[in-house]
$ cat coords_23.pdb   # PDB, C-alpha atoms
ATOM      1  CA  MET A   1       0.000   0.000   0.000  1.00  0.00           C
ATOM      2  CA  SER A   2       1.246   3.460  -0.859  1.00  0.00           C
ATOM      3  CA  LEU A   3      -0.044   6.561   0.923  1.00  0.00           C
ATOM      4  CA  ASP A   4       0.907  10.177   0.550  1.00  0.00           C
ATOM      5  CA  CYS A   5       2.367  11.925   3.580  1.00  0.00           C
ATOM      6  CA  GLY A   6      -0.558  13.253   5.609  1.00  0.00           C
ATOM      7  CA  GLU A   7      -3.106  10.699   4.369  1.00  0.00           C
ATOM      8  CA  PRO A   8      -4.185   8.494   7.305  1.00  0.00           C
ATOM      9  CA  TRP A   9      -4.988   4.825   6.813  1.00  0.00           C
ATOM     10  CA  PHE A  10      -7.311   2.775   9.038  1.00  0.00           C
ATOM     11  CA  PRO A  11      -7.938  -0.964   8.868  1.00  0.00           C
ATOM     12  CA  GLU A  12     -11.437  -2.006   7.799  1.00  0.00           C
ATOM     13  CA  ASN A  13     -12.180  -3.343  11.301  1.00  0.00           C
ATOM     14  CA  GLY A  14     -11.436   0.048  12.887  1.00  0.00           C
ATOM     15  CA  GLY A  15      -8.796   0.243  15.575  1.00  0.00           C
ATOM     16  CA  THR A  16      -5.395   1.846  15.267  1.00  0.00           C
ATOM     17  CA  GLY A  17      -4.479   3.534  12.013  1.00  0.00           C
ATOM     18  CA  TYR A  18      -1.264   4.934  10.651  1.00  0.00           C
ATOM     19  CA  LEU A  19      -0.165   8.252   9.199  1.00  0.00           C
ATOM     20  CA  ASN A  20       2.937   8.442   7.032  1.00  0.00           C
ATOM     21  CA  THR A  21       5.152  11.245   8.331  1.00  0.00           C
ATOM     22  CA  LYS A  22       8.631  12.487   7.462  1.00  0.00           C
ATOM     23  CA  GLU A  23       9.931  10.385  10.352  1.00  0.00           C
ATOM     24  CA  GLY A  24       8.017   7.260   9.312  1.00  0.00           C
ATOM     25  CA  PRO A  25       4.602   5.775  10.169  1.00  0.00           C
ATOM     26  CA  MET A  26       2.818   7.281  13.209  1.00  0.00           C
ATOM     27  CA  ARG A  27      -0.101   5.678  15.044  1.00  0.00           C
ATOM     28  CA  VAL A  28      -3.397   7.550  14.818  1.00  0.00           C
ATOM     29  CA  HIS A  29      -6.853   6.899  16.205  1.00  0.00           C
ATOM     30  CA  LYS A  30     -10.229   7.892  14.816  1.00  0.00           C
ATOM     31  CA  GLY A  31     -10.984  11.410  16.070  1.00  0.00           C
ATOM     32  CA  ASP A  32      -7.341  12.535  16.123  1.00  0.00           C
ATOM     33  CA  TYR A  33      -6.529  15.820  14.418  1.00  0.00           C
ATOM     34  CA  ILE A  34      -3.933  15.882  11.651  1.00  0.00           C
ATOM     35  CA  ALA A  35      -1.674  18.948  11.865  1.00  0.00           C
ATOM     36  CA  THR A  36       0.362  20.301   8.970  1.00  0.00           C
ATOM     37  CA  GLY A  37       3.572  22.233   9.614  1.00  0.00           C
ATOM     38  CA  ILE A  38       5.050  25.089   7.603  1.00  0.00           C
ATOM     39  CA  GLU A  39       7.211  22.701   5.568  1.00  0.00           C
ATOM     40  CA  GLY A  40       4.272  20.420   4.752  1.00  0.00           C
ATOM     41  CA  GLU A  41       5.060  17.870   7.451  1.00  0.00           C
ATOM     42  CA  HIS A  42       2.150  16.106   9.163  1.00  0.00           C
ATOM     43  CA  TRP A  43       1.551  14.636  12.613  1.00  0.00           C
ATOM     44  CA  ALA A  44      -1.429  13.450  14.643  1.00  0.00           C
ATOM     45  CA  ILE A  45      -2.712  15.212  17.773  1.00  0.00           C
ATOM     46  CA  ASP A  46      -5.040  13.463  20.219  1.00  0.00           C
ATOM     47  CA  LYS A  47      -8.517  15.028  20.093  1.00  0.00           C
ATOM     48  CA  ASP A  48      -8.545  15.823  23.842  1.00  0.00           C
ATOM     49  CA  ILE A  49      -5.130  17.506  23.739  1.00  0.00           C
ATOM     50  CA  PHE A  50      -5.994  19.441  20.577  1.00  0.00           C
ATOM     51  CA  GLU A  51      -9.255  20.767  22.013  1.00  0.00           C
ATOM     52  CA  ARG A  52      -7.574  21.833  25.290  1.00  0.00           C
ATOM     53  CA  THR A  53      -4.703  23.542  23.453  1.00  0.00           C
ATOM     54  CA  TYR A  54      -6.427  25.364  20.593  1.00  0.00           C
ATOM     55  CA  GLU A  55      -9.558  27.451  20.351  1.00  0.00           C
ATOM     56  CA  ARG A  56     -11.863  27.856  17.399  1.00  0.00           C
ATOM     57  CA  CYS A  57     -11.663  31.083  15.439  1.00  0.00           C
ATOM     58  CA  ASP A  58     -14.138  32.108  12.792  1.00  0.00           C
TER      59      ASP A  58
END
$ encode --input "coords_23.pdb" --output "structure tokens"
Amino acid sequence: MSLDCGEPWFPENGGTGYLNTKEGPMRVHKGDYIATGIEGEHWAIDKDIFERTYERCD
């Protein structure tokens, strides 16, 4: 299987997924946020941590 960096993959039965990053595959879970850095790098942030760290702006 070939995925672009930043495109998460989850198995059909749910469970743990993976996100290809510059450093290699990273575990992700449904509901995680995918962040993109200024150089196009991607990483997953746990939903709870993301929502406590950032606030919505409109």
$ atom_distance --input "coords_23.pdb" --atom1 "atom CA of Thr16 of chain A" --atom2 "atom CA of Glu55 of chain A"
26.4 Å
$ atom_distance --input "coords_23.pdb" --atom1 "atom CA of Asp58 of chain A" --atom2 "atom CA of Thr36 of chain A"
19.1 Å
$ resolve_selection --input "coords_23.pdb" --expression "the PyMOL selection byres ((chain A and resi 45) around 10)" --output "PDB file with C-alpha atoms, in the coordinates of the input"
ATOM      1  CA  VAL A  28      -3.397   7.550  14.818  1.00  0.00           C
ATOM      2  CA  HIS A  29      -6.853   6.899  16.205  1.00  0.00           C
ATOM      3  CA  GLY A  31     -10.984  11.410  16.070  1.00  0.00           C
ATOM      4  CA  ASP A  32      -7.341  12.535  16.123  1.00  0.00           C
ATOM      5  CA  TYR A  33      -6.529  15.820  14.418  1.00  0.00           C
ATOM      6  CA  ILE A  34      -3.933  15.882  11.651  1.00  0.00           C
ATOM      7  CA  ALA A  35      -1.674  18.948  11.865  1.00  0.00           C
ATOM      8  CA  HIS A  42       2.150  16.106   9.163  1.00  0.00           C
ATOM      9  CA  TRP A  43       1.551  14.636  12.613  1.00  0.00           C
ATOM     10  CA  ALA A  44      -1.429  13.450  14.643  1.00  0.00           C
ATOM     11  CA  ASP A  46      -5.040  13.463  20.219  1.00  0.00           C
ATOM     12  CA  LYS A  47      -8.517  15.028  20.093  1.00  0.00           C
ATOM     13  CA  ASP A  48      -8.545  15.823  23.842  1.00  0.00           C
ATOM     14  CA  ILE A  49      -5.130  17.506  23.739  1.00  0.00           C
ATOM     15  CA  PHE A  50      -5.994  19.441  20.577  1.00  0.00           C
ATOM     16  CA  GLU A  51      -9.255  20.767  22.013  1.00  0.00           C
TER      17      GLU A  51
END
$ atom_distance --input "coords_23.pdb" --atom1 "atom CA of Ile38 of chain A" --atom2 "atom CA of Arg56 of chain A"
19.7 Å
$ resolve_selection --input "coords_23.pdb" --expression "the PyMOL selection byres ((chain A and resi 26) around 10)" --output "ChimeraX atom specification"
/A:8,17-25,27-28,42-44
$ axis_aligned_box --input "coords_23.pdb" --around "segment 35-51 of chain A" --padding-each-side "8 Å" --output "AutoDock Vina command-line options"
--center_x -1.0 --center_y 19.3 --center_z 14.3 --size_x 32.5 --size_y 27.6 --size_z 35.1
